[in-house]
file final_23.pdb (PDB, N, CA and C atoms)
ATOM      1  N   MET A 859     107.714  74.267  79.430
ATOM      2  CA  MET A 859     108.157  75.648  79.461
ATOM      3  C   MET A 859     107.397  76.386  80.574
ATOM      4  N   ALA A 860     108.133  77.222  81.291
ATOM      5  CA  ALA A 860     107.521  78.044  82.333
ATOM      6  C   ALA A 860     108.115  79.446  82.237
ATOM      7  N   TYR A 861     107.304  80.433  82.555
ATOM      8  CA  TYR A 861     107.726  81.831  82.467
ATOM      9  C   TYR A 861     108.225  82.303  83.830
ATOM     10  N   PHE A 862     109.438  82.883  83.851
ATOM     11  CA  PHE A 862     110.048  83.357  85.094
ATOM     12  C   PHE A 862     110.359  84.853  85.047
ATOM     13  N   GLY A 863     109.440  85.619  84.494
ATOM     14  CA  GLY A 863     109.580  87.069  84.480
ATOM     15  C   GLY A 863     110.504  87.569  83.378
ATOM     16  N   LYS A 864     110.616  88.898  83.296
ATOM     17  CA  LYS A 864     111.415  89.534  82.250
ATOM     18  C   LYS A 864     112.881  89.110  82.277
ATOM     19  N   ALA A 865     113.409  88.891  83.460
ATOM     20  CA  ALA A 865     114.834  88.570  83.589
ATOM     21  C   ALA A 865     115.195  87.228  82.952
ATOM     22  N   TYR A 866     114.262  86.270  82.974
ATOM     23  CA  TYR A 866     114.553  84.919  82.478
ATOM     24  C   TYR A 866     113.680  84.491  81.315
ATOM     25  N   GLY A 867     112.473  85.046  81.216
ATOM     26  CA  GLY A 867     111.567  84.661  80.143
ATOM     27  C   GLY A 867     111.082  83.229  80.294
ATOM     28  N   LEU A 868     110.786  82.598  79.158
ATOM     29  CA  LEU A 868     110.340  81.207  79.142
ATOM     30  C   LEU A 868     111.551  80.289  79.213
ATOM     31  N   LEU A 869     111.515  79.334  80.127
ATOM     32  CA  LEU A 869     112.621  78.396  80.285
ATOM     33  C   LEU A 869     112.107  76.966  80.250
ATOM     34  N   ASP A 870     112.888  76.080  79.659
ATOM     35  CA  ASP A 870     112.615  74.652  79.745
ATOM     36  C   ASP A 870     112.678  74.281  81.217
ATOM     37  N   THR A 871     111.607  73.761  81.772
ATOM     38  CA  THR A 871     111.532  73.522  83.214
ATOM     39  C   THR A 871     111.089  72.092  83.485
ATOM     40  N   PRO A 872     111.992  71.260  84.035
ATOM     41  CA  PRO A 872     111.597  69.892  84.354
ATOM     42  C   PRO A 872     110.497  69.857  85.407
ATOM     43  N   VAL A 873     109.616  68.863  85.284
ATOM     44  CA  VAL A 873     108.558  68.625  86.265
ATOM     45  C   VAL A 873     108.833  67.254  86.873
ATOM     46  N   ILE A 874     108.989  67.204  88.216
ATOM     47  CA  ILE A 874     109.269  65.934  88.885
ATOM     48  C   ILE A 874     108.255  65.696  89.997
ATOM     49  N   GLU A 875     108.149  64.459  90.426
ATOM     50  CA  GLU A 875     107.327  64.116  91.581
ATOM     51  C   GLU A 875     108.128  64.383  92.849
ATOM     52  N   ARG A 876     107.442  64.725  93.926
ATOM     53  CA  ARG A 876     108.121  64.987  95.206
ATOM     54  C   ARG A 876     109.018  63.822  95.615
ATOM     55  N   GLY A 877     108.563  62.601  95.404
ATOM     56  CA  GLY A 877     109.324  61.418  95.771
ATOM     57  C   GLY A 877     110.641  61.277  95.020
ATOM     58  N   ASP A 878     110.757  61.953  93.875
ATOM     59  CA  ASP A 878     111.996  61.909  93.097
ATOM     60  C   ASP A 878     113.028  62.915  93.598
ATOM     61  N   LEU A 879     112.616  63.816  94.485
ATOM     62  CA  LEU A 879     113.544  64.788  95.065
ATOM     63  C   LEU A 879     114.296  64.105  96.206
ATOM     64  N   THR A 880     115.606  64.262  96.244
ATOM     65  CA  THR A 880     116.436  63.605  97.258
ATOM     66  C   THR A 880     117.212  64.660  98.042
ATOM     67  N   SER A 881     118.202  64.208  98.791
ATOM     68  CA  SER A 881     119.048  65.136  99.554
ATOM     69  C   SER A 881     120.149  65.739  98.685
ATOM     70  N   ILE A 882     120.222  65.324  97.437
ATOM     71  CA  ILE A 882     121.179  65.914  96.497
ATOM     72  C   ILE A 882     120.514  67.140  95.875
ATOM     73  N   PRO A 883     121.131  68.325  95.981
ATOM     74  CA  PRO A 883     120.502  69.546  95.461
ATOM     75  C   PRO A 883     120.170  69.450  93.971
ATOM     76  N   ARG A 884     118.931  69.796  93.633
ATOM     77  CA  ARG A 884     118.491  69.880  92.236
ATOM     78  C   ARG A 884     118.406  71.354  91.873
ATOM     79  N   PRO A 885     119.068  71.760  90.793
ATOM     80  CA  PRO A 885     119.041  73.167  90.410
ATOM     81  C   PRO A 885     117.722  73.571  89.759
ATOM     82  N   GLY A 886     117.342  74.817  89.997
ATOM     83  CA  GLY A 886     116.183  75.370  89.328
ATOM     84  C   GLY A 886     116.570  75.878  87.963
ATOM     85  N   PRO A 887     115.619  76.107  87.119
ATOM     86  CA  PRO A 887     114.195  76.037  87.397
ATOM     87  C   PRO A 887     113.725  74.592  87.460
ATOM     88  N   LEU A 888     112.713  74.387  88.293
ATOM     89  CA  LEU A 888     112.193  73.051  88.546
ATOM     90  C   LEU A 888     110.779  73.179  89.101
ATOM     91  N   ILE A 889     109.903  72.267  88.704
ATOM     92  CA  ILE A 889     108.556  72.208  89.266
ATOM     93  C   ILE A 889     108.410  70.859  89.948
ATOM     94  N   ILE A 890     107.995  70.879  91.215
ATOM     95  CA  ILE A 890     107.827  69.663  92.008
ATOM     96  C   ILE A 890     106.328  69.480  92.246
ATOM     97  N   GLU A 891     105.795  68.357  91.762
ATOM     98  CA  GLU A 891     104.361  68.095  91.913
ATOM     99  C   GLU A 891     104.119  67.051  92.988
ATOM    100  N   GLU A 892     103.006  67.212  93.687
ATOM    101  CA  GLU A 892     102.545  66.225  94.654
ATOM    102  C   GLU A 892     101.039  66.370  94.783
ATOM    103  N   TYR A 893     100.416  65.467  95.507
ATOM    104  CA  TYR A 893      98.961  65.465  95.647
ATOM    105  C   TYR A 893      98.433  66.772  96.227
ATOM    106  N   GLU A 894      99.116  67.290  97.250
ATOM    107  CA  GLU A 894      98.624  68.461  97.971
ATOM    108  C   GLU A 894      98.948  69.790  97.306
ATOM    109  N   GLY A 895      99.890  69.807  96.376
ATOM    110  CA  GLY A 895     100.244  71.083  95.781
ATOM    111  C   GLY A 895     101.413  70.982  94.822
ATOM    112  N   THR A 896     101.850  72.127  94.364
ATOM    113  CA  THR A 896     102.953  72.233  93.418
ATOM    114  C   THR A 896     103.949  73.249  93.960
ATOM    115  N   THR A 897     105.234  72.917  93.873
ATOM    116  CA  THR A 897     106.289  73.820  94.329
ATOM    117  C   THR A 897     107.115  74.245  93.123
ATOM    118  N   VAL A 898     107.332  75.541  92.994
ATOM    119  CA  VAL A 898     108.145  76.070  91.903
ATOM    120  C   VAL A 898     109.496  76.502  92.464
ATOM    121  N   VAL A 899     110.553  75.975  91.886
ATOM    122  CA  VAL A 899     111.919  76.341  92.266
ATOM    123  C   VAL A 899     112.432  77.263  91.166
ATOM    124  N   PRO A 900     112.729  78.522  91.485
ATOM    125  CA  PRO A 900     113.133  79.472  90.453
ATOM    126  C   PRO A 900     114.555  79.233  89.945
ATOM    127  N   PRO A 901     114.895  79.867  88.834
ATOM    128  CA  PRO A 901     116.264  79.783  88.341
ATOM    129  C   PRO A 901     117.248  80.252  89.415
ATOM    130  N   LEU A 902     118.417  79.671  89.424
ATOM    131  CA  LEU A 902     119.525  79.972  90.344
ATOM    132  C   LEU A 902     119.310  79.448  91.762
ATOM    133  N   ALA A 903     118.148  78.877  92.050
ATOM    134  CA  ALA A 903     117.894  78.279  93.360
ATOM    135  C   ALA A 903     118.121  76.769  93.259
ATOM    136  N   THR A 904     118.189  76.103  94.417
ATOM    137  CA  THR A 904     118.274  74.647  94.447
ATOM    138  C   THR A 904     117.239  74.112  95.427
ATOM    139  N   ALA A 905     116.862  72.852  95.237
ATOM    140  CA  ALA A 905     115.883  72.228  96.125
ATOM    141  C   ALA A 905     116.378  70.856  96.549
ATOM    142  N   ILE A 906     116.081  70.505  97.815
ATOM    143  CA  ILE A 906     116.346  69.169  98.334
ATOM    144  C   ILE A 906     115.131  68.722  99.142
ATOM    145  N   ARG A 907     115.072  67.428  99.459
ATOM    146  CA  ARG A 907     114.105  66.914 100.431
ATOM    147  C   ARG A 907     114.923  66.489 101.631
ATOM    148  N   ASP A 908     114.642  67.058 102.796
ATOM    149  CA  ASP A 908     115.463  66.788 103.983
ATOM    150  C   ASP A 908     115.018  65.517 104.700
ATOM    151  N   ALA A 909     115.678  65.214 105.796
ATOM    152  CA  ALA A 909     115.420  63.991 106.561
ATOM    153  C   ALA A 909     114.008  63.935 107.137
ATOM    154  N   HIS A 910     113.327  65.082 107.235
ATOM    155  CA  HIS A 910     111.963  65.146 107.766
ATOM    156  C   HIS A 910     110.922  65.224 106.656
ATOM    157  N   ASP A 911     111.365  65.001 105.414
ATOM    158  CA  ASP A 911     110.516  65.019 104.218
ATOM    159  C   ASP A 911     110.043  66.418 103.832
ATOM    160  N   ASN A 912     110.744  67.447 104.302
ATOM    161  CA  ASN A 912     110.440  68.819 103.891
ATOM    162  C   ASN A 912     111.154  69.126 102.588
ATOM    163  N   ILE A 913     110.547  69.965 101.775
ATOM    164  CA  ILE A 913     111.240  70.504 100.607
ATOM    165  C   ILE A 913     111.951  71.765 101.082
ATOM    166  N   VAL A 914     113.256  71.808 100.884
ATOM    167  CA  VAL A 914     114.058  72.956 101.294
ATOM    168  C   VAL A 914     114.615  73.611 100.036
ATOM    169  N   ILE A 915     114.279  74.878  99.856
ATOM    170  CA  ILE A 915     114.752  75.631  98.695
ATOM    171  C   ILE A 915     115.800  76.623  99.160
ATOM    172  N   SER A 916     116.955  76.591  98.520
ATOM    173  CA  SER A 916     118.029  77.546  98.818
ATOM    174  C   SER A 916     118.092  78.559  97.689
ATOM    175  N   LEU A 917     117.956  79.820  98.069
ATOM    176  CA  LEU A 917     118.012  80.909  97.095
ATOM    177  C   LEU A 917     119.430  81.446  97.016
ATOM    178  N   PRO A 918     119.802  82.004  95.861
ATOM    179  CA  PRO A 918     121.141  82.565  95.753
ATOM    180  C   PRO A 918     121.293  83.766  96.680
ATOM    181  N   VAL A 919     122.488  83.980  97.151
ATOM    182  CA  VAL A 919     122.787  85.117  98.017
ATOM    183  C   VAL A 919     122.928  86.354  97.147
ATOM    184  N   GLU A 920     122.178  87.389  97.488
ATOM    185  CA  GLU A 920     122.305  88.655  96.756
ATOM    186  C   GLU A 920     123.504  89.410  97.244
ATOM    187  N   ARG A 921     124.256  89.906  96.317
ATOM    188  CA  ARG A 921     125.402  90.750  96.697
ATOM    189  C   ARG A 921     124.890  92.164  96.964
ATOM    190  N   SER A 922     125.385  92.753  98.043
ATOM    191  CA  SER A 922     124.962  94.129  98.322
ATOM    192  C   SER A 922     125.634  95.048  97.314
ATOM    193  N   ARG A 923     124.936  96.097  96.976
ATOM    194  CA  ARG A 923     125.463  97.045  95.989
ATOM    195  C   ARG A 923     126.337  98.054  96.697
ATOM    196  N   ALA A 924     127.618  97.966  96.447
ATOM    197  CA  ALA A 924     128.564  98.929  97.043
ATOM    198  C   ALA A 924     128.567 100.204  96.221
ATOM    199  N   SER A 925     128.617 101.333  96.901
ATOM    200  CA  SER A 925     128.637 102.617  96.188
ATOM    201  C   SER A 925     130.040 103.066  95.930
TER     202      SER A 925
END

call {"tool": "encode", "arguments": {"input": "final_23.pdb", "output": "structure tokens"}}
result
Amino acid sequence: MAYFGKAYGLLDTPVIERGDLTSIPRPGPLIIEEYEGTTVVPPLATAIRDAHDNIVISLPVERSRAS
């Protein structure tokens, strides 16, 4: 369980190793662990590992508020 603020509260959050992340988008919430650090992927975001071994997180697009 991980806490993601008032909007989401406590959520069941998978914890994976960096090596288990692939080029197929994994939906958040998600925690990615590795020797050097930990990456948190928030709800509604996705994460992949690219061809250069970077973790790439895509955040949802916010809709502008029309008046």

call {"tool": "resolve_selection", "arguments": {"input": "final_23.pdb", "expression": "the PyMOL selection byres ((chain A and resi 891) around 7)", "output": "ChimeraX atom specification"}}
result
/A:873-877,889-890,892-897

call {"tool": "residues_around", "arguments": {"input": "final_23.pdb", "residues": "Leu917 of chain A", "least_positions_apart": "3", "cutoff": "8 Å", "atoms": "all atoms listed in the file", "output": "PDB file with N, CA and C atoms, in the frame of the given file"}}
result
ATOM      1  N   PRO A 901     114.895  79.867  88.834  1.00  0.00           N
ATOM      2  CA  PRO A 901     116.264  79.783  88.341  1.00  0.00           C
ATOM      3  C   PRO A 901     117.248  80.252  89.415  1.00  0.00           C
ATOM      4  N   LEU A 902     118.417  79.671  89.424  1.00  0.00           N
ATOM      5  CA  LEU A 902     119.525  79.972  90.344  1.00  0.00           C
ATOM      6  C   LEU A 902     119.310  79.448  91.762  1.00  0.00           C
ATOM      7  N   ALA A 903     118.148  78.877  92.050  1.00  0.00           N
ATOM      8  CA  ALA A 903     117.894  78.279  93.360  1.00  0.00           C
ATOM      9  C   ALA A 903     118.121  76.769  93.259  1.00  0.00           C
ATOM     10  N   THR A 904     118.189  76.103  94.417  1.00  0.00           N
ATOM     11  CA  THR A 904     118.274  74.647  94.447  1.00  0.00           C
ATOM     12  C   THR A 904     117.239  74.112  95.427  1.00  0.00           C
ATOM     13  N   ALA A 905     116.862  72.852  95.237  1.00  0.00           N
ATOM     14  CA  ALA A 905     115.883  72.228  96.125  1.00  0.00           C
ATOM     15  C   ALA A 905     116.378  70.856  96.549  1.00  0.00           C
ATOM     16  N   VAL A 914     113.256  71.808 100.884  1.00  0.00           N
ATOM     17  CA  VAL A 914     114.058  72.956 101.294  1.00  0.00           C
ATOM     18  C   VAL A 914     114.615  73.611 100.036  1.00  0.00           C
ATOM     19  N   GLU A 920     122.178  87.389  97.488  1.00  0.00           N
ATOM     20  CA  GLU A 920     122.305  88.655  96.756  1.00  0.00           C
ATOM     21  C   GLU A 920     123.504  89.410  97.244  1.00  0.00           C
TER      22      GLU A 920
END

call {"tool": "resolve_selection", "arguments": {"input": "final_23.pdb", "expression": "the PyMOL selection byres (((chain A and resi 880 and name CA) around 7) and name CA)", "output": "PyMOL selection string"}}
result
chain A and resi 878-879+881-882+906-907

call {"tool": "atom_distance", "arguments": {"input": "final_23.pdb", "atom1": "atom CA of Gly863 of chain A", "atom2": "atom CA of Leu888 of chain A"}}
result
14.8 Å

call {"tool": "atom_distance", "arguments": {"input": "final_23.pdb", "atom1": "atom CA of Tyr861 of chain A", "atom2": "atom N of Asp908 of chain A"}}
result
26.1 Å

call {"tool": "atom_distance", "arguments": {"input": "final_23.pdb", "atom1": "atom N of Thr871 of chain A", "atom2": "atom CA of Gly886 of chain A"}}
result
9.0 Å

call {"tool": "select_by_dssp", "arguments": {"input": "final_23.pdb", "residues": "chain A", "states": "alpha helix (DSSP H)", "output": "PyMOL selection string"}}
result
chain A and resi 863-866
